[in-house]
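Down below is the structure, laid out as structure tokens.
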Amino acid sequence: MNEFVITEAKTETAILVGLITQEQDEAKTKEYLDELEFLADTAGAVTVKRFTQKVGGPNTTSYVGKGKLEEIRDYIKEEAENDRPVGMVIFDDELSAKQLRNIEMELQVKILDRTSLILDIFAMRAQTANAKTQVELAQYRYMLPRLQRLWTHLERQGGGSGSGGGKGSVGLRGPGETQLEMDRRIILNRMSLLKKRLEEIDRQKATQRKNRGRLIRVALVGYTNVGKSTLMNLLAKSEVFAENKLFATLDTTVRKVVIQNLPFLLADTVGFIRKLPTDLVDSFKSTLDEVREADLLLHVVDISHPDFEEQIEVVNQTLKELGCADKPSMIVFNKMDNYHWTDKEPDDLTAPTKENITLDELRQTWMARMGDNCIFISAKEKTNIDELRDTLYKKVRELHVQKYPYNDFLYPNE
């Protein structure tokens, strides 16, 4: 009889590594590492240390310089001696196979980059067959050019076979190359199968969209963790999973919403993020089709985030890459209940910043020129939701009349 001993899972600890460059100053690097720490937390790791280096750009062989890598190695060794082992080191940019191999050989712990961390979170969050298939395909796309790294252990088996036994001996090189090619072929075959599955899913979803009737489609888009799912639950009176974690939503959820006498479809979509892996964008094509086919985009923004303007730019750039930049849209500034500022001293003549400007003053900046294409709400506190509903009604009604001019049964009282 098998006995199972339940032990408390030990939380993995992580070190974060980022670069300060001409294009990315110290403040920006801190913001990126803050986000990387949030990603690590979402994945279940606790950040214990950060390392940054001021350089012209990433080192092509080790990302950071030799001295900085030795500093990280010494810290890991010291923590291990004090019974505080470091579980992983996470780099804020995507690493090449060469960089990964060299860093692993030096640090001797698990190495992740921003892309692999995001892929891990997506794999953890995927619930439906569609999302799981999309994540698996993205993982294989990431893995394929890095396969060589998996076989570096053969180089450290010196003397195992062949007459020379060294790094360049035929006895060691051959099996590694054979296994590498075998793995490459297996992965390529698997990717081909996954692509066929996604094509079938695309066809099924396209059929579902065609069968939704003559209704305007509205899609919630925005940076990850800005409150899209909470807003979806509020407008659609549904129970879409919402959590204060990055990428809580992977699968697109579509609900029918009726405001006054006007029905329309509302879709909640996966959130965007800085440096979103291209492989994920490609793999999540069927999910993002809801954005492509939407008649109106509700761009949800966390107004309380200190870097919300850059997040807006990230989303706009991603929409541009999807070919959706010209769609009708409006910005919904969410989390106004969480907006904080510091009062300036009466004699402070310095220019206002995001840290010391009130929400009312903020509204009078570039946002004031947007008219009803801009609204401030709190989905959590249900603030200004009636105003949002009224604005949505007007915009959806206008789009409906344009798209279905003869569908008068929706407005029996007019």
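Labeling convention for the structure tokens: chains A, B, ... as they appear, residues from 1 per chain, ligands from 1 in order of appearance.
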
Please provide as a ChimeraX atom specification all residues within 7 Å of Val301 in chain A, with the sequence filter that same-chain residues fewer than 2 positions apart are discarded (counting only C-alpha atoms).
/A:222,226,299,303,308,332-334

Filtering to all heavy atoms, could you give me those residues as a JSON list (two decimals), in the first residue's frame?
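Saved the output as part19.json:
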```json
[["chain", "number", "residue", "atom", "x", "y", "z"],
["A", 222, "GLY", "N", -6.73, 46.11, -22.99],
["A", 222, "GLY", "CA", -5.95, 46.89, -22.04],
["A", 222, "GLY", "C", -4.76, 46.12, -21.52],
["A", 222, "GLY", "O", -4.57, 44.94, -21.84],
["A", 226, "VAL", "N", -5.68, 45.54, -15.23],
["A", 226, "VAL", "CA", -6.26, 46.89, -15.11],
["A", 226, "VAL", "C", -7.74, 46.83, -14.70],
["A", 226, "VAL", "O", -8.36, 47.88, -14.52],
["A", 226, "VAL", "CB", -6.14, 47.67, -16.44],
["A", 226, "VAL", "CG1", -4.69, 47.94, -16.75],
["A", 226, "VAL", "CG2", -6.82, 46.94, -17.59],
["A", 299, "HIS", "N", -10.90, 50.55, -24.22],
["A", 299, "HIS", "CA", -9.53, 50.46, -23.74],
["A", 299, "HIS", "C", -9.52, 50.80, -22.25],
["A", 299, "HIS", "O", -9.64, 51.96, -21.86],
["A", 299, "HIS", "CB", -8.65, 51.42, -24.54],
["A", 299, "HIS", "CG", -7.20, 51.35, -24.18],
["A", 299, "HIS", "ND1", -6.22, 51.98, -24.93],
["A", 299, "HIS", "CD2", -6.54, 50.76, -23.15],
["A", 299, "HIS", "CE1", -5.04, 51.76, -24.38],
["A", 299, "HIS", "NE2", -5.21, 51.03, -23.29],
["A", 303, "ILE", "N", -5.84, 54.00, -13.94],
["A", 303, "ILE", "CA", -5.43, 55.39, -13.76],
["A", 303, "ILE", "C", -4.55, 55.55, -12.52],
["A", 303, "ILE", "O", -3.81, 56.53, -12.39],
["A", 303, "ILE", "CB", -6.67, 56.32, -13.66],
["A", 303, "ILE", "CG1", -6.28, 57.80, -13.75],
["A", 303, "ILE", "CG2", -7.45, 56.05, -12.39],
["A", 303, "ILE", "CD1", -5.67, 58.21, -15.05],
["A", 308, "PHE", "N", 0.84, 54.66, -16.16],
["A", 308, "PHE", "CA", -0.31, 54.31, -16.99],
["A", 308, "PHE", "C", -0.19, 54.80, -18.42],
["A", 308, "PHE", "O", -0.72, 54.18, -19.35],
["A", 308, "PHE", "CB", -1.62, 54.82, -16.35],
["A", 308, "PHE", "CG", -1.84, 56.30, -16.44],
["A", 308, "PHE", "CD1", -2.45, 56.86, -17.56],
["A", 308, "PHE", "CD2", -1.45, 57.14, -15.42],
["A", 308, "PHE", "CE1", -2.67, 58.21, -17.64],
["A", 308, "PHE", "CE2", -1.65, 58.50, -15.50],
["A", 308, "PHE", "CZ", -2.26, 59.05, -16.62],
["A", 332, "VAL", "N", -11.47, 53.90, -20.94],
["A", 332, "VAL", "CA", -12.15, 53.82, -19.65],
["A", 332, "VAL", "C", -11.06, 53.82, -18.58],
["A", 332, "VAL", "O", -10.35, 52.83, -18.39],
["A", 332, "VAL", "CB", -13.01, 52.54, -19.55],
["A", 332, "VAL", "CG1", -13.69, 52.47, -18.18],
["A", 332, "VAL", "CG2", -14.03, 52.49, -20.68],
["A", 333, "PHE", "N", -10.91, 54.95, -17.89],
["A", 333, "PHE", "CA", -9.92, 55.05, -16.82],
["A", 333, "PHE", "C", -10.52, 54.44, -15.55],
["A", 333, "PHE", "O", -11.39, 55.02, -14.91],
["A", 333, "PHE", "CB", -9.52, 56.50, -16.59],
["A", 333, "PHE", "CG", -8.66, 57.07, -17.68],
["A", 333, "PHE", "CD1", -9.19, 57.98, -18.58],
["A", 333, "PHE", "CD2", -7.34, 56.67, -17.82],
["A", 333, "PHE", "CE1", -8.40, 58.50, -19.59],
["A", 333, "PHE", "CE2", -6.55, 57.19, -18.83],
["A", 333, "PHE", "CZ", -7.07, 58.10, -19.72],
["A", 334, "ASN", "N", -10.03, 53.26, -15.20],
["A", 334, "ASN", "CA", -10.55, 52.50, -14.06],
["A", 334, "ASN", "C", -9.69, 52.76, -12.81],
["A", 334, "ASN", "O", -8.62, 53.37, -12.89],
["A", 334, "ASN", "CB", -10.56, 51.02, -14.42],
["A", 334, "ASN", "CG", -11.29, 50.18, -13.40],
["A", 334, "ASN", "OD1", -12.19, 50.67, -12.69],
["A", 334, "ASN", "ND2", -10.93, 48.91, -13.29]]
```

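Residues of range 58-210 of chain A that DSSP, applied to the backbone, places in strand (DSSP E): Met88, Val89, Ile90, Phe91, Lys110, Ile111, Leu112 and Asp113 of chain A.
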
Would you save the residues of that selection, restricted to N, CA and C atoms, as a PDB file, in the first residue's frame?
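Final output, out00.pdb:
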```
ATOM      1  N   MET A  88      16.078  30.591  -8.366  1.00  0.00           N
ATOM      2  CA  MET A  88      16.182  30.964  -9.774  1.00  0.00           C
ATOM      3  C   MET A  88      16.679  32.395  -9.916  1.00  0.00           C
ATOM      4  N   VAL A  89      17.202  32.688 -11.092  1.00  0.00           N
ATOM      5  CA  VAL A  89      17.573  34.055 -11.453  1.00  0.00           C
ATOM      6  C   VAL A  89      16.782  34.406 -12.706  1.00  0.00           C
ATOM      7  N   ILE A  90      16.071  35.550 -12.656  1.00  0.00           N
ATOM      8  CA  ILE A  90      15.183  35.948 -13.756  1.00  0.00           C
ATOM      9  C   ILE A  90      15.715  37.228 -14.385  1.00  0.00           C
ATOM     10  N   PHE A  91      15.915  37.192 -15.692  1.00  0.00           N
ATOM     11  CA  PHE A  91      16.429  38.339 -16.435  1.00  0.00           C
ATOM     12  C   PHE A  91      15.269  39.062 -17.125  1.00  0.00           C
ATOM     13  N   LYS A 110      18.590  27.615 -11.693  1.00  0.00           N
ATOM     14  CA  LYS A 110      17.621  27.747 -12.778  1.00  0.00           C
ATOM     15  C   LYS A 110      17.614  29.178 -13.295  1.00  0.00           C
ATOM     16  N   ILE A 111      17.667  29.328 -14.615  1.00  0.00           N
ATOM     17  CA  ILE A 111      17.684  30.629 -15.251  1.00  0.00           C
ATOM     18  C   ILE A 111      16.406  30.816 -16.078  1.00  0.00           C
ATOM     19  N   LEU A 112      15.727  31.938 -15.860  1.00  0.00           N
ATOM     20  CA  LEU A 112      14.550  32.291 -16.648  1.00  0.00           C
ATOM     21  C   LEU A 112      14.750  33.683 -17.225  1.00  0.00           C
ATOM     22  N   ASP A 113      14.107  33.969 -18.350  1.00  0.00           N
ATOM     23  CA  ASP A 113      14.043  35.341 -18.826  1.00  0.00           C
ATOM     24  C   ASP A 113      12.581  35.779 -18.791  1.00  0.00           C
TER      25      ASP A 113
END
```

For Glu31 in chain A, the nearest of the candidates A:Asp337, A:Leu19, A:Ile385, A:Val270, counting only C-alpha atoms
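Using only C-alpha atoms, the shortest distance to Glu31 in chain A belongs to A:Leu19.
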
Work out how far apart CA of Thr13 in chain A and CA of Ala45 in chain A are and give it in Å to one decimal.
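Calculated distance between CA of Thr13 in chain A and CA of Ala45 in chain A is 5.5 Å.
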
Arg190 in chain A: which residues within 10 Å, counting only C-alpha atoms, same-chain residues fewer than 6 positions away excluded, as a PyMOL selection string?
chain A and resi 136-137+140+184+196

Selected residues written out with N, CA and C atoms, as an mmCIF file, in the first residue's frame:
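Generated file (part_0.cif):
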```
data_model
loop_
_atom_site.group_PDB
_atom_site.id
_atom_site.type_symbol
_atom_site.label_atom_id
_atom_site.label_comp_id
_atom_site.auth_asym_id
_atom_site.auth_seq_id
_atom_site.Cartn_x
_atom_site.Cartn_y
_atom_site.Cartn_z
ATOM 1 N N GLU A 136 1.023 25.863 -25.396
ATOM 2 C CA GLU A 136 1.986 24.812 -25.743
ATOM 3 C C GLU A 136 2.729 25.158 -27.031
ATOM 4 N N LEU A 137 2.008 25.678 -28.015
ATOM 5 C CA LEU A 137 2.643 26.063 -29.276
ATOM 6 C C LEU A 137 3.660 27.186 -29.035
ATOM 7 N N TYR A 140 6.840 25.763 -27.469
ATOM 8 C CA TYR A 140 7.701 25.067 -28.430
ATOM 9 C C TYR A 140 8.428 26.052 -29.337
ATOM 10 N N ARG A 184 14.533 18.013 -32.306
ATOM 11 C CA ARG A 184 14.060 19.063 -33.200
ATOM 12 C C ARG A 184 12.918 18.559 -34.080
ATOM 13 N N LYS A 196 -2.513 22.694 -36.603
ATOM 14 C CA LYS A 196 -3.726 22.134 -37.219
ATOM 15 C C LYS A 196 -4.896 22.202 -36.242
#
```
